[in-house]
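Structure first, commentary second.
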Amino acid sequence: MEMGLGMTGMMASSKAGHDKDTIYVIIREDAEYVYLADGKTRTLESPKKKNKKHIQIIKKCPAADFAGRIASGQLDDSEIRKALKQYRAGIIK
């Protein structure tokens, strides 16, 4: 599986499926799929696998080093929940 940091760390909204309009953080990607976490039902250990064409990228990153911290394993689910909460509250612009 090819790993990349292109979209890793960005937020995305689901465009299709039972989770439509749910906001996630992209924690990993490969050629065809992204792996999404919300820190609650979808954790870093159990991400949701979703086809790239079924998500809408939100051009906002919770923090400049979010992608690097995900890749190095220094991020935990509570930080993802906090970032998503801040986005919904309009704190992350």
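Order determines the names: the first chain of the structure tokens is A, the second B, and so forth; residues in each chain are numbered 1 upward, and ligands are numbered 1 upward as they are shown.
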Which parts of region 2-91 of chain A does DSSP call strand (DSSP E) when run on the backbone here, written out as a PDB file with N, CA and C atoms, in the first residue's frame?
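Final output, out30.pdb:
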```pdb
ATOM      1  N   MET A  11      -9.292  17.775   6.895  1.00  0.00           N
ATOM      2  CA  MET A  11     -10.633  17.346   7.251  1.00  0.00           C
ATOM      3  C   MET A  11     -11.396  17.036   5.970  1.00  0.00           C
ATOM      4  N   ALA A  12     -12.365  16.135   6.096  1.00  0.00           N
ATOM      5  CA  ALA A  12     -13.167  15.747   4.936  1.00  0.00           C
ATOM      6  C   ALA A  12     -14.579  15.444   5.396  1.00  0.00           C
ATOM      7  N   SER A  13     -15.511  15.687   4.490  1.00  0.00           N
ATOM      8  CA  SER A  13     -16.914  15.394   4.740  1.00  0.00           C
ATOM      9  C   SER A  13     -17.332  14.257   3.820  1.00  0.00           C
ATOM     10  N   SER A  14     -18.080  13.326   4.357  1.00  0.00           N
ATOM     11  CA  SER A  14     -18.566  12.202   3.563  1.00  0.00           C
ATOM     12  C   SER A  14     -19.688  12.680   2.635  1.00  0.00           C
ATOM     13  N   ILE A  23     -18.180  14.648   9.362  1.00  0.00           N
ATOM     14  CA  ILE A  23     -16.858  15.228   9.184  1.00  0.00           C
ATOM     15  C   ILE A  23     -15.826  14.336   9.883  1.00  0.00           C
ATOM     16  N   TYR A  24     -14.738  14.078   9.186  1.00  0.00           N
ATOM     17  CA  TYR A  24     -13.654  13.247   9.673  1.00  0.00           C
ATOM     18  C   TYR A  24     -12.319  13.955   9.460  1.00  0.00           C
ATOM     19  N   VAL A  25     -11.268  13.376  10.037  1.00  0.00           N
ATOM     20  CA  VAL A  25      -9.898  13.763   9.739  1.00  0.00           C
ATOM     21  C   VAL A  25      -9.293  12.617   8.940  1.00  0.00           C
ATOM     22  N   ILE A  26      -8.604  12.947   7.858  1.00  0.00           N
ATOM     23  CA  ILE A  26      -7.954  11.926   7.040  1.00  0.00           C
ATOM     24  C   ILE A  26      -6.663  11.528   7.747  1.00  0.00           C
ATOM     25  N   ILE A  27      -6.559  10.250   8.091  1.00  0.00           N
ATOM     26  CA  ILE A  27      -5.366   9.810   8.803  1.00  0.00           C
ATOM     27  C   ILE A  27      -4.395   9.033   7.921  1.00  0.00           C
ATOM     28  N   ARG A  28      -4.874   8.599   6.755  1.00  0.00           N
ATOM     29  CA  ARG A  28      -4.019   7.853   5.838  1.00  0.00           C
ATOM     30  C   ARG A  28      -4.696   7.842   4.485  1.00  0.00           C
ATOM     31  N   GLU A  29      -3.897   7.637   3.436  1.00  0.00           N
ATOM     32  CA  GLU A  29      -4.467   7.505   2.099  1.00  0.00           C
ATOM     33  C   GLU A  29      -3.625   6.553   1.274  1.00  0.00           C
ATOM     34  N   TYR A  33      -8.212   4.896  -1.857  1.00  0.00           N
ATOM     35  CA  TYR A  33      -8.985   5.089  -0.630  1.00  0.00           C
ATOM     36  C   TYR A  33      -8.323   6.042   0.357  1.00  0.00           C
ATOM     37  N   VAL A  34      -9.160   6.608   1.214  1.00  0.00           N
ATOM     38  CA  VAL A  34      -8.672   7.355   2.364  1.00  0.00           C
ATOM     39  C   VAL A  34      -9.183   6.637   3.611  1.00  0.00           C
ATOM     40  N   TYR A  35      -8.487   6.837   4.704  1.00  0.00           N
ATOM     41  CA  TYR A  35      -8.859   6.231   5.975  1.00  0.00           C
ATOM     42  C   TYR A  35      -9.175   7.369   6.929  1.00  0.00           C
ATOM     43  N   LEU A  36     -10.383   7.362   7.449  1.00  0.00           N
ATOM     44  CA  LEU A  36     -10.921   8.495   8.188  1.00  0.00           C
ATOM     45  C   LEU A  36     -11.151   8.154   9.650  1.00  0.00           C
ATOM     46  N   ALA A  37     -10.920   9.142  10.516  1.00  0.00           N
ATOM     47  CA  ALA A  37     -11.164   8.960  11.946  1.00  0.00           C
ATOM     48  C   ALA A  37     -11.900  10.175  12.480  1.00  0.00           C
ATOM     49  N   LYS A  48     -12.250   4.461   9.219  1.00  0.00           N
ATOM     50  CA  LYS A  48     -13.217   4.130   8.178  1.00  0.00           C
ATOM     51  C   LYS A  48     -12.502   4.210   6.831  1.00  0.00           C
ATOM     52  N   LYS A  49     -12.607   3.156   6.048  1.00  0.00           N
ATOM     53  CA  LYS A  49     -12.039   3.126   4.703  1.00  0.00           C
ATOM     54  C   LYS A  49     -13.099   3.659   3.752  1.00  0.00           C
ATOM     55  N   LYS A  50     -12.759   4.688   2.992  1.00  0.00           N
ATOM     56  CA  LYS A  50     -13.743   5.318   2.112  1.00  0.00           C
ATOM     57  C   LYS A  50     -13.099   5.632   0.766  1.00  0.00           C
ATOM     58  N   ASN A  51     -13.830   5.401  -0.289  1.00  0.00           N
ATOM     59  CA  ASN A  51     -13.368   5.734  -1.627  1.00  0.00           C
ATOM     60  C   ASN A  51     -13.170   7.241  -1.720  1.00  0.00           C
ATOM     61  N   ILE A  55     -15.754  11.483  -0.814  1.00  0.00           N
ATOM     62  CA  ILE A  55     -15.493  12.489   0.222  1.00  0.00           C
ATOM     63  C   ILE A  55     -15.315  13.859  -0.401  1.00  0.00           C
ATOM     64  N   GLN A  56     -15.572  14.874   0.386  1.00  0.00           N
ATOM     65  CA  GLN A  56     -15.327  16.258  -0.009  1.00  0.00           C
ATOM     66  C   GLN A  56     -14.263  16.796   0.939  1.00  0.00           C
ATOM     67  N   ILE A  57     -13.117  17.168   0.380  1.00  0.00           N
ATOM     68  CA  ILE A  57     -12.034  17.709   1.200  1.00  0.00           C
ATOM     69  C   ILE A  57     -12.442  19.079   1.725  1.00  0.00           C
ATOM     70  N   ILE A  58     -12.170  19.303   2.984  1.00  0.00           N
ATOM     71  CA  ILE A  58     -12.352  20.615   3.589  1.00  0.00           C
ATOM     72  C   ILE A  58     -10.955  21.200   3.683  1.00  0.00           C
TER      73      ILE A  58
END
```
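Comparing A:Glu79, A:Gly73, A:Gln86, A:Thr22 by their smallest distance to Glu45 (chain A), the closest is A:Gly73 (using only C-alpha atoms).
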Using only C-alpha atoms, the residue out of A:Lys15, A:Lys40, A:Lys20, A:Lys52 with shortest distance to Asp77 (chain A) is A:Lys40
I need the residues of chain A that end up classed as alpha helix (DSSP H) by DSSP on the backbone, written out as a PyMOL selection string. chain A and resi 66-71+77-88
Enter the distance from CA of Pro62 (chain A) to CA of Thr41 (chain A), in Å, rounded to one decimal.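 CA of Thr41 (chain A) lies 19.3 Å from CA of Pro62 (chain A).
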Identify, on the basis of only C-alpha atoms, every residue whose closest approach to Gly90 (chain A) does not exceed 12 Å; exclude the query and any residue fewer than 5 positions from it along the same chain; express the result as a PyMOL selection string. chain A and resi 60+62+83-85
Deliver the residues from the most recent selection as a file, using N, CA and C atoms, as a PDB file, in the first residue's frame.
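Below is the file selection-v5.pdb, written as the result:
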```
ATOM      1  N   LYS A  60      -9.037  22.758   5.230  1.00  0.00           N
ATOM      2  CA  LYS A  60      -8.629  23.280   6.529  1.00  0.00           C
ATOM      3  C   LYS A  60      -7.896  22.176   7.270  1.00  0.00           C
ATOM      4  N   PRO A  62      -6.359  21.144  11.026  1.00  0.00           N
ATOM      5  CA  PRO A  62      -6.468  21.532  12.429  1.00  0.00           C
ATOM      6  C   PRO A  62      -5.222  22.238  12.954  1.00  0.00           C
ATOM      7  N   ALA A  83     -10.168  18.768  17.632  1.00  0.00           N
ATOM      8  CA  ALA A  83     -10.054  19.502  16.369  1.00  0.00           C
ATOM      9  C   ALA A  83     -11.400  19.563  15.646  1.00  0.00           C
ATOM     10  N   LEU A  84     -12.138  18.448  15.617  1.00  0.00           N
ATOM     11  CA  LEU A  84     -13.449  18.433  14.954  1.00  0.00           C
ATOM     12  C   LEU A  84     -14.442  19.326  15.698  1.00  0.00           C
ATOM     13  N   LYS A  85     -14.370  19.334  17.011  1.00  0.00           N
ATOM     14  CA  LYS A  85     -15.244  20.196  17.816  1.00  0.00           C
ATOM     15  C   LYS A  85     -14.944  21.669  17.538  1.00  0.00           C
TER      16      LYS A  85
END
```
Report the distance between CA of Arg69 (chain A) and CA of Met10 (chain A) in Å, rounded to one decimal place. 12.4 Å
What's around Asp76 (chain A) at 9 Å? Count only C-alpha atoms, leave out sequence neighbours fewer than 3 positions away in its own chain, and write the answer as a VMD selection string. chain A and resid 39 43 to 44 70 73 79 to 80
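Taking CA of Arg88 (chain A) as the reference point, CA of Lys59 (chain A) is found at 14.1 Å.
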Which residue out of A:Asp19, A:Ser72, A:Ala67, A:Gly9 has the minimum interatomic distance to His54 (chain A) when only C-alpha atoms are used?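 With only C-alpha atoms as the atom set, the closest residue is A:Asp19.
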